[in-house]
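Have a look at the structure below, then the notes.
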Amino acid sequence: MAEEKLTKRSEDFSAWYNEVVERAQLAEHSPVRGCMVIRPNGYGIWELIQKNLDKMFKDTGHENAYFPLLIPQSFMSKEAEHVEGFAPELAVVTHGGGKELEEPLVIRPTSETMIYTMFAKWVQGYRDLPILMNQWANVMRWEMRTRLFLRTAEFLWQEGHTAHETEAEAESEALKMLGVYRTFAEDFMATPVISGTKSDSERFAGALRTYTIEAMMQDNKALQDGTSHNLGQNFSKAFDLKFQGRDGTVQYAWNTSWGVSTRLVGSLIMTHSDDDGLVLPPRLAPTVAVIVPIFKNDEERVTVLTAADAIYADMKSKGFRVKIDARDNMSPGAKYYEWEMRGIPLRIEIGPKDVANNTVVIVPRIPLDTREAPKPGRKQKLFVEVATLCDSVEDLAKELQAQLLKNALARREANTIRGVKSYGEMKEIFASGEGAFVFAGWNGDPTSEAKVKEETKATIRCIPNLEFRSSTAPEKCLVTGEPAKHEVIWAKAY
RNA sequence: CGGGGCGUGGCGCAGCUGGUAGCGCAUCUGGUUUGGGACCAGAGGGUCGCACGUUCGAAUCGUGUCGCCCCGACCA
């Protein structure tokens with residue numbers, strides 16, 4: 001009996017997302033409210049994100065360290081905005097060793113307070129700067145409403161923390177790391193992102209400025225993929241992080257922090273996947289290719305499996321992330337559906353005919369523009385010589401990676417609206433349910449921002465960086481008609 | 001925190017005018033199959049979220065409680 005099809009994306013995006021997460025065996029709800037069990041298939045994606053980002057951090061001079069999970073409650077209170085921002089979502093430990101603690105400990109929602117406490121001990125003079133540090137950790141925020149990968153109570157992330165001698169140096173660091181995130185999003189996640197600055201209302205609690213990369217999901221809602229903050233001297237003043245400068249005077253250090261989380265896995269799912277299930281960019285796919293042997297009888301079985309095993313061993317030895325699916329209680333068709341659901345970029349089919357011809361059939365997860373178009377209703381099937389299989393897989397993986405970015409970019413541009421004439425027009429856009437990224441002028445006033453949020457549910461995702469702005473800057477604020485201070489992107493967001 | 005829904009084999013569900021639990025998928029065994037979701041035969045597996053109450057008798061009725069999901073508010 002065939003398993004029922006996935007809910008269609010177009011019918012119920014939210015249900016579709018949950019089904020992909022569960023049926024692709026990425027993650028499931030834990031017995032604890034709002035927490036997530038990440039299964040190996042999902043964790044494998046995170047491991048590749050970690051591995052590749054970590055290399056980029058090291059290449060830009062950062063080192064990894066680790067700080068404690070529990071933070072004395074008093075640390076949290078030292079920076080006024082920070083405590084106000086996080087107080088409602090703290091989980092607090094009140095007992096230990098069977099006794100009530102003198103001072104409650106909070107489970108870190110982020111580690112600024114702990115890390116800058118330590119930095120303060122480590123820094124005396126300007127020669128101790130800069131500190132360029134990162135930690136891979138779990139954090140916990142008692143969110144009112146949670147969603148697998150996108151907003152869980154506990155999540156895995158990396159948080160970079162740096163301390164600098166000058167304001168300019170800190171600003172440059174914050175922007176540099178935003179650039180690292182943008183490069184990672186495009187090159188690995190195949191996700192086009194718009195980088196820019198958050199408006200004050202969306203700024204990190206305690207930051208001078210918050211930078212962001214914003215991606216568009218397939219329901220045209222925005223998702224913040226990563227964030228980078230210029231913390232100014234707010235935390236160094238709160239935690240007494242001082243140094244003696246080149247001129248002999250004692251000064252406060254300048255800090256930045258930046259992070260991405262397991263939310264990126266959710267972002268991947270919502271960006272690329274389709275009605276057949278998960279679609280993974282090859283560079284972040286725990287398994288890039290799966291070999292499915294096909295045979296009718298025992299004789300064929302031996303021939304085909306021998307050939308398939310040889311291919312598998314060869315690819316494995318060359319470092320390919322490849323799997324062989326030799327299960328004998330399942331028909332090839334059933335296997336195809338399963339691996340498609342799980343987002344494997346390339347399927348390698350090998351049957352008796354292929355063995356005889358020294359070929360295999362490769363089926364990419366999504367159609368590639370670079371290859372001959374498939375017949376209507378069919379998948380693209382590529383016949384490949386066994387002798388050149390590894391090169392072909394490498395080429396196809398690259399083509400698929402590029403195709404995903406191309407498709408996502410085309411989709412975002414098709415749903416990006418510039419030159420909206422009136423606020424009424426924008427209200428219609430967000431009332432239609434289709435949604436979009438709307439580029440428009442804004443007077444810079446939080447009041448007009450709040451008004452739009454209330455009336456349309458759309459918020460300012462960011463003030464885009466120069467390269468993402470419209471060629472002609474809007475003159476007027478779309479909401480009030482006053483002179484525009486910035487061009488901004490309005491969108492509904494996760 | 002407000003509104004709604006749901007807790008019954010691994011998963012999805014039925015049973016709820018009370019009478020001691022059933023279906024589909026999955027699993028196991030045997031056989032036939034296998035180039036797009038195989039079929040036949042047999043088998044195993046459940047203190048019906050938890051507690052108290054009503055009753056001769058509770059998955060079913062009542063009260064309480066715990067948990068999960070969805071929508072909203074909230075959210076670097």
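Labeling convention for the structure tokens: chains A, B, ... as they appear, residues from 1 per chain, ligands from 1 in order of appearance.
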Can you pull out every residue within 10 Å of C16 (chain B), counting only C-alpha atoms (C1' of nucleotides), but drop anything in the same chain fewer than 4 positions away, and send it as a compact mmCIF listing (two decimals) with C-alpha atoms (C1' of nucleotides), in the first residue's frame?
# COMPACT_ATOMS: atom_id res chain seq x y z
C1' A B 59 -11.16 3.61 26.70
C1' U B 60 -16.36 5.25 27.07
C1' C B 61 -19.63 9.19 32.23
Tell me the residues of chain B close to chain A, meaning within 12 Å using only C-alpha atoms (C1' of nucleotides), as a VMD selection string. chain B and resid 1 11 to 12 24 to 26 32 to 39 66 to 76
Name all residues at most 9 Å from Lys485 (chain A) (count only C-alpha atoms (C1' of nucleotides); drop same-chain ones fewer than 4 positions away) and give them as a list in words.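 Residues near the query, excluding close chain neighbours: Gly441, Trp442, Asn443, Gly444, Glu475, Lys476 and Cys477 of chain A.
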I need the strand (DSSP E) residues of region 55-177 of chain A per DSSP on the backbone, written as a PyMOL selection string. chain A and resi 63-64+70-72+92-96+99-107+131-140+154-164
Compile the contact shell of Trp46 (chain A) as a PyMOL selection string: residues with an atom at most 12 Å away, counting only C-alpha atoms (C1' of nucleotides), same-chain residues fewer than 2 positions apart removed. chain A and resi 26-27+38-44+48-54+136+149+155-158+189+260-268+283-286
Residues at most 8 Å from Glu487 (chain A), counting only C-alpha atoms (C1' of nucleotides), excluding those fewer than 2 positions away in the same chain, as JSON, numbers by chain? {"A": [439, 440, 441, 442, 463, 464, 469, 473, 474, 484, 485, 489]}
Same residues, C-alpha atoms, saved as a PDB file, in the first residue's frame:
ATOM      1  CA  PHE A 439      11.154  47.789  -1.112  1.00  0.00           C
ATOM      2  CA  ALA A 440       9.992  51.216  -0.027  1.00  0.00           C
ATOM      3  CA  GLY A 441      11.038  54.500   1.507  1.00  0.00           C
ATOM      4  CA  TRP A 442      10.689  54.964   5.271  1.00  0.00           C
ATOM      5  CA  ILE A 463      17.688  48.536   5.743  1.00  0.00           C
ATOM      6  CA  PRO A 464      19.561  46.846   2.916  1.00  0.00           C
ATOM      7  CA  ARG A 469      19.276  48.858  -2.745  1.00  0.00           C
ATOM      8  CA  ALA A 473      16.479  55.722  -3.841  1.00  0.00           C
ATOM      9  CA  PRO A 474      12.838  56.379  -2.943  1.00  0.00           C
ATOM     10  CA  ALA A 484      12.395  59.019   3.271  1.00  0.00           C
ATOM     11  CA  LYS A 485      15.369  58.492   5.533  1.00  0.00           C
ATOM     12  CA  ILE A 489      12.363  45.928   2.992  1.00  0.00           C
TER      13      ILE A 489
END
Report as a PyMOL selection string: the residues of region 267-335 of chain A with a DSSP assignment of helix (DSSP H, G or I), based on the backbone of this structure. chain A and resi 267-272+282-284+298-317+332-335
For N, CA and C atoms, I'd like the residues from the last selection saved as a CSV table (one decimal), in the first residue's frame.
chain,number,residue,atom,x,y,z
A,267,SER,N,15.7,26.8,7.5
A,267,SER,CA,15.7,27.7,6.4
A,267,SER,C,16.0,26.9,5.1
A,268,LEU,N,16.9,25.9,5.2
A,268,LEU,CA,17.2,25.1,4.0
A,268,LEU,C,15.9,24.4,3.5
A,269,ILE,N,15.2,23.8,4.5
A,269,ILE,CA,14.0,23.0,4.1
A,269,ILE,C,13.0,23.9,3.4
A,270,MET,N,12.7,25.1,4.0
A,270,MET,CA,11.7,26.0,3.5
A,270,MET,C,12.1,26.7,2.2
A,271,THR,N,13.4,26.7,1.9
A,271,THR,CA,13.9,27.4,0.7
A,271,THR,C,13.8,26.5,-0.5
A,272,HIS,N,14.3,25.2,-0.3
A,272,HIS,CA,14.5,24.4,-1.5
A,272,HIS,C,13.5,23.2,-1.7
A,282,PRO,N,23.8,19.9,-2.4
A,282,PRO,CA,24.8,18.8,-2.3
A,282,PRO,C,25.9,19.2,-1.2
A,283,ARG,N,26.3,20.4,-1.2
A,283,ARG,CA,27.4,20.7,-0.2
A,283,ARG,C,27.0,20.6,1.2
A,284,LEU,N,25.7,20.5,1.5
A,284,LEU,CA,25.3,20.3,2.9
A,284,LEU,C,24.5,19.0,3.1
A,298,ASP,N,18.0,-14.2,-8.7
A,298,ASP,CA,19.2,-14.4,-7.9
A,298,ASP,C,20.5,-14.2,-8.7
A,299,GLU,N,20.4,-14.6,-10.0
A,299,GLU,CA,21.6,-14.5,-10.9
A,299,GLU,C,21.9,-13.0,-11.1
A,300,GLU,N,20.8,-12.3,-11.4
A,300,GLU,CA,21.0,-10.8,-11.6
A,300,GLU,C,21.4,-10.1,-10.3
A,301,ARG,N,20.9,-10.6,-9.3
A,301,ARG,CA,21.1,-10.1,-8.0
A,301,ARG,C,22.6,-10.1,-7.7
A,302,VAL,N,23.3,-11.2,-8.0
A,302,VAL,CA,24.7,-11.3,-7.7
A,302,VAL,C,25.5,-10.4,-8.6
A,303,THR,N,25.2,-10.4,-9.9
A,303,THR,CA,25.9,-9.6,-10.8
A,303,THR,C,25.8,-8.1,-10.5
A,304,VAL,N,24.5,-7.7,-10.2
A,304,VAL,CA,24.2,-6.3,-10.0
A,304,VAL,C,24.9,-5.8,-8.7
A,305,LEU,N,24.7,-6.6,-7.6
A,305,LEU,CA,25.2,-6.2,-6.3
A,305,LEU,C,26.7,-6.2,-6.4
A,306,THR,N,27.4,-7.1,-7.1
A,306,THR,CA,28.8,-7.0,-7.2
A,306,THR,C,29.3,-5.7,-7.8
A,307,ALA,N,28.6,-5.4,-8.9
A,307,ALA,CA,29.0,-4.1,-9.6
A,307,ALA,C,28.7,-2.9,-8.7
A,308,ALA,N,27.5,-2.9,-8.1
A,308,ALA,CA,27.1,-1.8,-7.2
A,308,ALA,C,28.1,-1.6,-6.1
A,309,ASP,N,28.5,-2.8,-5.5
A,309,ASP,CA,29.4,-2.7,-4.3
A,309,ASP,C,30.7,-2.1,-4.8
A,310,ALA,N,31.2,-2.5,-6.0
A,310,ALA,CA,32.5,-2.0,-6.5
A,310,ALA,C,32.4,-0.5,-6.6
A,311,ILE,N,31.3,0.0,-7.2
A,311,ILE,CA,31.1,1.4,-7.4
A,311,ILE,C,31.1,2.1,-6.0
A,312,TYR,N,30.4,1.5,-5.1
A,312,TYR,CA,30.2,2.1,-3.8
A,312,TYR,C,31.6,2.2,-3.1
A,313,ALA,N,32.4,1.1,-3.2
A,313,ALA,CA,33.7,1.1,-2.5
A,313,ALA,C,34.6,2.1,-3.1
A,314,ASP,N,34.5,2.2,-4.4
A,314,ASP,CA,35.4,3.2,-5.2
A,314,ASP,C,35.1,4.6,-4.8
A,315,MET,N,33.8,4.9,-4.8
A,315,MET,CA,33.3,6.3,-4.5
A,315,MET,C,33.7,6.7,-3.0
A,316,LYS,N,33.4,5.7,-2.1
A,316,LYS,CA,33.7,5.9,-0.7
A,316,LYS,C,35.2,6.2,-0.5
A,317,SER,N,36.0,5.4,-1.2
A,317,SER,CA,37.5,5.6,-1.0
A,317,SER,C,37.9,7.0,-1.6
A,332,PRO,N,12.5,-1.2,-6.0
A,332,PRO,CA,13.3,0.0,-6.4
A,332,PRO,C,12.4,1.3,-6.3
A,333,GLY,N,11.2,1.2,-6.8
A,333,GLY,CA,10.3,2.4,-6.8
A,333,GLY,C,10.1,2.9,-5.4
A,334,ALA,N,9.9,2.0,-4.5
A,334,ALA,CA,9.7,2.5,-3.1
A,334,ALA,C,10.9,3.2,-2.6
A,335,LYS,N,12.1,2.7,-3.0
A,335,LYS,CA,13.3,3.3,-2.5
A,335,LYS,C,13.5,4.7,-3.1
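Computed from the coordinates, the CA of Glu214 (chain A) to CA of Ser111 (chain A) distance equals 23.3 Å.
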Polymer residues at most 12 Å from Glu186 (chain A), only C-alpha atoms (C1' of nucleotides), same-chain spacing of 4 or more positions, as a list in words: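 Listed by chain and then number, they are Gly179, Val180, Tyr181, Arg182, Ala190, Thr191, Pro192, Val193, Ile194, Ser195, Ile213, Glu214, Ala215, Asp225, Leu268, Pro281, Arg283, Leu284, Gln401, Ala402, Gln403, Leu404, Leu405, Lys406, Ala408 and Leu409 of chain A.
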In Å, how far is it from CA of Thr459 (chain A) to CA of Ser422 (chain A)?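 Atom-to-atom, CA of Thr459 (chain A) and CA of Ser422 (chain A) are spaced 16.6 Å apart.
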List the neighbours of region 93-100 of chain A out to 12 Å using only C-alpha atoms (C1' of nucleotides); skip same-chain residues closer than 3 positions along the sequence, and give me the result as a list in words. Leu69, Leu70, Ile71, Pro72, Gln73, Leu90, Glu103, Pro104, Leu105, Val106, Ile107 and Arg108 of chain A
Serialized selection, N, CA and C atoms, as a PDB file, in the first residue's frame:
ATOM      1  N   LEU A  69      27.229  26.685  30.741  1.00  0.00           N
ATOM      2  CA  LEU A  69      25.799  26.694  30.454  1.00  0.00           C
ATOM      3  C   LEU A  69      25.032  27.581  31.427  1.00  0.00           C
ATOM      4  N   LEU A  70      25.496  27.569  32.716  1.00  0.00           N
ATOM      5  CA  LEU A  70      24.760  28.293  33.753  1.00  0.00           C
ATOM      6  C   LEU A  70      25.407  29.644  34.045  1.00  0.00           C
ATOM      7  N   ILE A  71      24.557  30.645  34.139  1.00  0.00           N
ATOM      8  CA  ILE A  71      25.031  32.008  34.360  1.00  0.00           C
ATOM      9  C   ILE A  71      24.346  32.577  35.606  1.00  0.00           C
ATOM     10  N   PRO A  72      25.131  33.130  36.560  1.00  0.00           N
ATOM     11  CA  PRO A  72      24.501  33.738  37.740  1.00  0.00           C
ATOM     12  C   PRO A  72      23.510  34.816  37.288  1.00  0.00           C
ATOM     13  N   GLN A  73      22.367  34.811  37.916  1.00  0.00           N
ATOM     14  CA  GLN A  73      21.306  35.731  37.496  1.00  0.00           C
ATOM     15  C   GLN A  73      21.775  37.188  37.514  1.00  0.00           C
ATOM     16  N   LEU A  90      13.776  33.590  30.131  1.00  0.00           N
ATOM     17  CA  LEU A  90      14.826  32.859  30.834  1.00  0.00           C
ATOM     18  C   LEU A  90      14.295  31.619  31.539  1.00  0.00           C
ATOM     19  N   GLU A 103      21.925  32.216  45.033  1.00  0.00           N
ATOM     20  CA  GLU A 103      21.606  33.038  43.862  1.00  0.00           C
ATOM     21  C   GLU A 103      21.167  32.115  42.730  1.00  0.00           C
ATOM     22  N   PRO A 104      19.993  32.356  42.168  1.00  0.00           N
ATOM     23  CA  PRO A 104      19.542  31.509  41.065  1.00  0.00           C
ATOM     24  C   PRO A 104      20.498  31.601  39.880  1.00  0.00           C
ATOM     25  N   LEU A 105      20.537  30.516  39.086  1.00  0.00           N
ATOM     26  CA  LEU A 105      21.366  30.494  37.886  1.00  0.00           C
ATOM     27  C   LEU A 105      20.432  30.434  36.687  1.00  0.00           C
ATOM     28  N   VAL A 106      20.738  31.214  35.673  1.00  0.00           N
ATOM     29  CA  VAL A 106      19.916  31.115  34.480  1.00  0.00           C
ATOM     30  C   VAL A 106      20.632  30.238  33.455  1.00  0.00           C
ATOM     31  N   ILE A 107      19.839  29.499  32.713  1.00  0.00           N
ATOM     32  CA  ILE A 107      20.412  28.741  31.603  1.00  0.00           C
ATOM     33  C   ILE A 107      20.635  29.731  30.467  1.00  0.00           C
ATOM     34  N   ARG A 108      21.863  29.795  29.964  1.00  0.00           N
ATOM     35  CA  ARG A 108      22.217  30.863  29.002  1.00  0.00           C
ATOM     36  C   ARG A 108      21.221  30.946  27.842  1.00  0.00           C
TER      37      ARG A 108
END
May I ask for the distance between CA of Leu178 (chain A) and CA of Gly196 (chain A), given in Å to one decimal place?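 Between CA of Leu178 (chain A) and CA of Gly196 (chain A) the gap is 8.9 Å.
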